[in-house]
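All remarks here apply to the structure that follows.
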Amino acid sequence: MLLSSEHNIFLAGRRSDNEDQLTEMLAWLVSVVPEAATALCALALPDLDEAIETPKVSTQYVIPGGRLDAILELEELVVVIESKLSSEYGPDQLRRYLDWLGKSPANNKVLMTLTAADAPWHPDEVKHAAELGISVSTKRWEELHVALESSLGSLDGIPERLITEFVDMLTQEGLIPMKPLGTSEVGHVWADSTQRIWRYHEFFSACVEAIGEQLEMDLRRGKSERIDYVYRSFINESDEVLFVGFDSTDAGNPVPSKRSKNAPTVWLAVDASNWPDWDDAGQQRLERQIPPGWSLNHGRRWGYAPQIWCYLDETLGDGPFEEQRRRLAEKCAVAAMWIDACRPERRKGRHFGRAGTGRR
């Protein structure tokens, strides 16, 4: 699975909130990756229990009184897609589509709506569809995300990359609501499956902005997304750099007063190589003044950056995503005081404030 979105083909030139462009991208994906076409058709028609041939795909298909966003045609199946980033339909829009689709000779006819939020049909439109022998499929982009992701298990190479990048685009545009990390996820080994790995990376990315705000630091270009860890780097006005990341396990870290949980961790590492005494006393000061609630990793990351860590599940707790993000950001915010307390010119008389608060 591709974990980096820096070269995501769907994000190149993507115009956010442009419904037609999003539909064109989906149409292209299902026309070049058969597994994506099968996933989309199975979402539209749950009774479909086998792979389909590559369909004929058309977009902006003109019909009397309007146009169809997309239409997938097979010998015995026609799927019309109305995609929206809102949840409002035009007057009689769906009825016009039903009337046109009802004239198709295909045995299976489906009108599927893809929306960002729930967008139920009017009961009269549902009744009209039944009278015409048309299946109604009201779906959200989130459900398409799940359907496409489920097809990844048997894929590799370019097909896997294209589907992964498409669902990544949906996530980055906010079409896929971020779910909180559950106890069953943060309490087990990260690397159990690629799906779990992807969840950690998505979760971390969704928290980066809030972490930066709490730290009052700017994001740097430096970052990494690997199977067993992910991090982003921040910089303050004094050119001191902080790395914030998740590790897949506590293995290799000293675990004071408890046995290893073999569970994911949050870590912070500092590079203050602009300090005049960084190579001798500076790093040692950081390692002697560990913030409350954190443990020291004696094996410095990259060989030079003092690093501290704590367990991810103990940091996040339970609750909705917004609460978990807030707790994580507040936990990381202590790093600003950690750096400030250990600067060469300020170390005398400095002490930590209440852990988990920013510098505002």
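Ligands are numbered from 1 in the order shown, residues from 1 within each chain, and chains are lettered A, B, ... in the order they appear in the structure tokens.
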### Message
Need to verify the contact set: Pro306 (chain A), 12 Å, only C-alpha atoms, exclusion of same-chain residues closer than 5 positions in sequence. Can you return it as a ChimeraX atom specification?
### Response
/A:241-243,267-273,278-279,281-290,295-301,335,338-339,342
#### Entry: Long-range neighbours of Tyr229 (chain A) as a list of chain:residue names, 7 Å cut-off, only C-alpha atoms, 5 positions minimum in chain
A:Phe246, A:Asp247, A:Ser248
### Message
Please list as a PyMOL selection string every residue within 9 Å of Asn236 (chain A), counting only C-alpha atoms and excluding residues in the same chain fewer than 5 positions away.
### Response
chain A and resi 215-218+241-242+336
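With CA of Ala44 (chain A) on one side and CA of Leu181 (chain A) on the other, the separation reads 28.7 Å.
The protein and nucleic acid residues lying at most 10 Å from Leu101 (chain A) are A:Ile63, A:Val78, A:Val79, A:Val80, A:Arg95, A:Arg96, A:Tyr97, A:Leu98, A:Asp99, A:Lys103, A:Ser104, A:Pro105, A:Ala106, A:Lys109, A:Val110, A:Leu111, A:Ala129, A:Leu132, A:Gly133, A:Ile134, with only C-alpha atoms considered and sequence neighbours fewer than 2 positions away removed.
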### Message
I want to know what sits within 10 Å of Ala329 (chain A), based on only C-alpha atoms, with residues of the same chain fewer than 4 positions away left out; could you give that as a ChimeraX atom specification?
### Response
/A:207-215,315-316,323-325,333-334,356-358
Export of prior selection with C-alpha atoms as a CSV table (one decimal), in the first residue's frame:
```csv
chain,number,residue,atom,x,y,z
A,207,CYS,CA,-3.9,15.7,14.1
A,208,VAL,CA,-0.8,17.5,12.7
A,209,GLU,CA,-2.4,21.0,12.4
A,210,ALA,CA,-3.8,20.9,15.9
A,211,ILE,CA,-0.4,19.8,17.3
A,212,GLY,CA,1.3,22.7,15.5
A,213,GLU,CA,-1.2,25.2,17.0
A,214,GLN,CA,-0.6,23.9,20.5
A,215,LEU,CA,3.2,24.1,20.0
A,315,THR,CA,-2.6,9.6,25.6
A,316,LEU,CA,-5.8,9.3,23.4
A,323,GLU,CA,-11.4,14.7,21.9
A,324,GLN,CA,-8.6,12.3,21.0
A,325,ARG,CA,-7.0,15.0,18.8
A,333,ALA,CA,2.5,20.8,23.7
A,334,VAL,CA,4.8,20.2,26.7
A,356,GLY,CA,-0.2,19.2,28.6
A,357,THR,CA,-0.6,23.0,28.3
A,358,GLY,CA,0.6,25.2,25.5
```
Per residue of region 72-164 of chain A within 7 Å of region 16-37 of chain A, record the nearest atom pair and its distance in Å to one decimal, counting only C-alpha atoms, with rows in chain order and ascending residue number, as a Markdown table.
```
| residue | atom | partner | partner_atom | distance |
| --- | --- | --- | --- | --- |
| A:Ser83 | CA | A:Thr23 | CA | 6.6 |
| A:Lys84 | CA | A:Glu19 | CA | 6.0 |
| A:Leu85 | CA | A:Glu19 | CA | 6.3 |
| A:Leu148 | CA | A:Ala36 | CA | 6.2 |
| A:Ser151 | CA | A:Glu35 | CA | 6.5 |
| A:Pro159 | CA | A:Val33 | CA | 5.9 |
```
Could the residues in this selection be written to a file with C-alpha atoms, as a compact mmCIF listing (two decimals), in the first residue's frame?
```
# COMPACT_ATOMS: atom_id res chain seq x y z
CA SER A 83 -22.48 12.60 -7.47
CA LYS A 84 -22.71 15.56 -5.15
CA LEU A 85 -20.50 17.22 -2.57
CA LEU A 148 -12.69 0.52 -2.72
CA SER A 151 -10.68 -4.46 -2.93
CA PRO A 159 -3.99 -0.91 -9.61
```
### Task
Identify, with DSSP run on backbone atoms, the residues in region 93-280 of chain A assigned to strand (DSSP E), and express the list as a ChimeraX atom specification.
/A:108-115,135-140,218-225,229-235,241-247,265-271
Residues from last step as file, N, CA and C atoms, as a compact mmCIF listing (two decimals), in the first residue's frame:
```txt
# COMPACT_ATOMS: atom_id res chain seq x y z
N ASN A 108 -30.87 -5.24 -15.15
CA ASN A 108 -30.58 -4.58 -13.87
C ASN A 108 -30.28 -3.11 -14.13
N LYS A 109 -31.09 -2.26 -13.53
CA LYS A 109 -30.93 -0.81 -13.70
C LYS A 109 -30.86 -0.17 -12.31
N VAL A 110 -29.85 0.66 -12.11
CA VAL A 110 -29.63 1.25 -10.80
C VAL A 110 -29.38 2.75 -10.95
N LEU A 111 -30.02 3.55 -10.12
CA LEU A 111 -29.67 4.97 -9.99
C LEU A 111 -29.05 5.16 -8.61
N MET A 112 -27.77 5.46 -8.60
CA MET A 112 -27.04 5.61 -7.34
C MET A 112 -26.67 7.07 -7.13
N THR A 113 -26.96 7.58 -5.94
CA THR A 113 -26.52 8.92 -5.56
C THR A 113 -25.34 8.79 -4.59
N LEU A 114 -24.29 9.55 -4.88
CA LEU A 114 -23.10 9.60 -4.02
C LEU A 114 -23.01 11.00 -3.44
N THR A 115 -23.17 11.13 -2.13
CA THR A 115 -23.20 12.44 -1.49
C THR A 115 -22.27 12.46 -0.28
N SER A 135 -33.53 -0.05 -9.35
CA SER A 135 -33.04 -0.12 -7.97
C SER A 135 -32.53 1.25 -7.54
N VAL A 136 -32.87 1.61 -6.32
CA VAL A 136 -32.42 2.88 -5.73
C VAL A 136 -31.24 2.61 -4.81
N SER A 137 -30.17 3.38 -4.98
CA SER A 137 -28.97 3.20 -4.15
C SER A 137 -28.51 4.55 -3.66
N THR A 138 -28.81 4.86 -2.40
CA THR A 138 -28.39 6.14 -1.81
C THR A 138 -27.15 5.89 -0.97
N LYS A 139 -26.02 6.34 -1.45
CA LYS A 139 -24.75 6.07 -0.80
C LYS A 139 -24.00 7.36 -0.52
N ARG A 140 -23.03 7.24 0.39
CA ARG A 140 -22.16 8.37 0.71
C ARG A 140 -20.75 8.06 0.20
N ASP A 218 5.80 26.16 13.38
CA ASP A 218 5.43 26.00 11.98
C ASP A 218 5.86 24.64 11.48
N LEU A 219 5.05 24.07 10.57
CA LEU A 219 5.42 22.81 9.94
C LEU A 219 6.62 22.99 9.03
N ARG A 220 7.52 22.01 9.05
CA ARG A 220 8.65 21.99 8.12
C ARG A 220 8.36 20.95 7.04
N ARG A 221 9.20 20.94 6.00
CA ARG A 221 9.04 19.97 4.93
C ARG A 221 9.37 18.56 5.39
N GLY A 222 10.25 18.46 6.39
CA GLY A 222 10.72 17.16 6.83
C GLY A 222 9.60 16.29 7.39
N LYS A 223 9.44 15.10 6.82
CA LYS A 223 8.46 14.15 7.34
C LYS A 223 8.81 12.78 6.79
N SER A 224 8.16 11.77 7.33
CA SER A 224 8.35 10.43 6.81
C SER A 224 7.13 9.59 7.12
N GLU A 225 6.80 8.69 6.22
CA GLU A 225 5.70 7.76 6.42
C GLU A 225 6.19 6.37 6.05
N TYR A 229 6.60 3.54 11.39
CA TYR A 229 6.52 4.83 12.08
C TYR A 229 6.10 5.92 11.11
N VAL A 230 5.66 7.04 11.67
CA VAL A 230 5.30 8.21 10.89
C VAL A 230 5.65 9.44 11.73
N TYR A 231 6.15 10.50 11.10
CA TYR A 231 6.45 11.71 11.86
C TYR A 231 6.33 12.94 10.98
N ARG A 232 6.18 14.09 11.63
CA ARG A 232 6.28 15.40 11.00
C ARG A 232 7.21 16.25 11.85
N SER A 233 7.85 17.23 11.24
CA SER A 233 8.76 18.10 11.98
C SER A 233 8.22 19.52 12.00
N PHE A 234 8.50 20.20 13.11
CA PHE A 234 8.06 21.57 13.33
C PHE A 234 9.28 22.42 13.68
N ILE A 235 9.17 23.72 13.46
CA ILE A 235 10.27 24.63 13.78
C ILE A 235 9.70 25.88 14.44
N VAL A 241 14.15 22.64 16.21
CA VAL A 241 13.30 21.72 15.46
C VAL A 241 12.77 20.64 16.40
N LEU A 242 11.48 20.37 16.29
CA LEU A 242 10.86 19.30 17.05
C LEU A 242 10.26 18.29 16.09
N PHE A 243 10.54 17.02 16.32
CA PHE A 243 9.94 15.94 15.56
C PHE A 243 8.84 15.31 16.42
N VAL A 244 7.68 15.12 15.84
CA VAL A 244 6.55 14.47 16.52
C VAL A 244 6.14 13.27 15.68
N GLY A 245 6.00 12.12 16.33
CA GLY A 245 5.65 10.95 15.54
C GLY A 245 4.97 9.86 16.34
N PHE A 246 4.52 8.84 15.60
CA PHE A 246 4.01 7.60 16.17
C PHE A 246 4.98 6.49 15.82
N ASP A 247 5.24 5.59 16.76
CA ASP A 247 5.98 4.36 16.49
C ASP A 247 5.03 3.18 16.63
N THR A 265 3.34 3.95 20.25
CA THR A 265 3.78 5.04 21.11
C THR A 265 3.74 6.37 20.36
N VAL A 266 3.67 7.44 21.15
CA VAL A 266 3.89 8.80 20.66
C VAL A 266 5.29 9.20 21.07
N TRP A 267 6.04 9.87 20.19
CA TRP A 267 7.38 10.28 20.58
C TRP A 267 7.67 11.71 20.12
N LEU A 268 8.56 12.35 20.84
CA LEU A 268 9.04 13.69 20.53
C LEU A 268 10.56 13.66 20.50
N ALA A 269 11.18 14.30 19.55
CA ALA A 269 12.64 14.38 19.47
C ALA A 269 13.04 15.80 19.11
N VAL A 270 14.11 16.28 19.72
CA VAL A 270 14.53 17.67 19.55
C VAL A 270 15.87 17.74 18.82
N ASP A 271 15.96 18.65 17.85
CA ASP A 271 17.23 19.00 17.22
C ASP A 271 17.43 20.50 17.42
```
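Take CA of Ser86 (chain A) and CA of Asp118 (chain A): the distance between them is 9.3 Å.
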### Message
Can you tell me which residues surround region 71-74 of chain A at a distance of at most 7 Å, considering only C-alpha atoms, apart from same-chain residues fewer than 6 positions away, and format the answer as a PyMOL selection string?
### Response
chain A and resi 55-59+80-81
Please produce a file of those selected residues containing C-alpha atoms, as a CSV table (one decimal), in the first residue's frame.
```
chain,number,residue,atom,x,y,z
A,55,PRO,CA,-17.8,-1.4,-18.3
A,56,LYS,CA,-18.4,1.3,-20.8
A,57,VAL,CA,-18.1,4.5,-18.9
A,58,SER,CA,-19.5,7.9,-20.0
A,59,THR,CA,-19.6,11.2,-18.1
A,80,VAL,CA,-26.3,5.8,-13.4
A,81,ILE,CA,-24.4,7.9,-10.8
```
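Nearest to Lys179 (chain A) of all the residues A:Arg199, A:Lys331, A:His128, A:His7 is A:Arg199, based on only C-alpha atoms.
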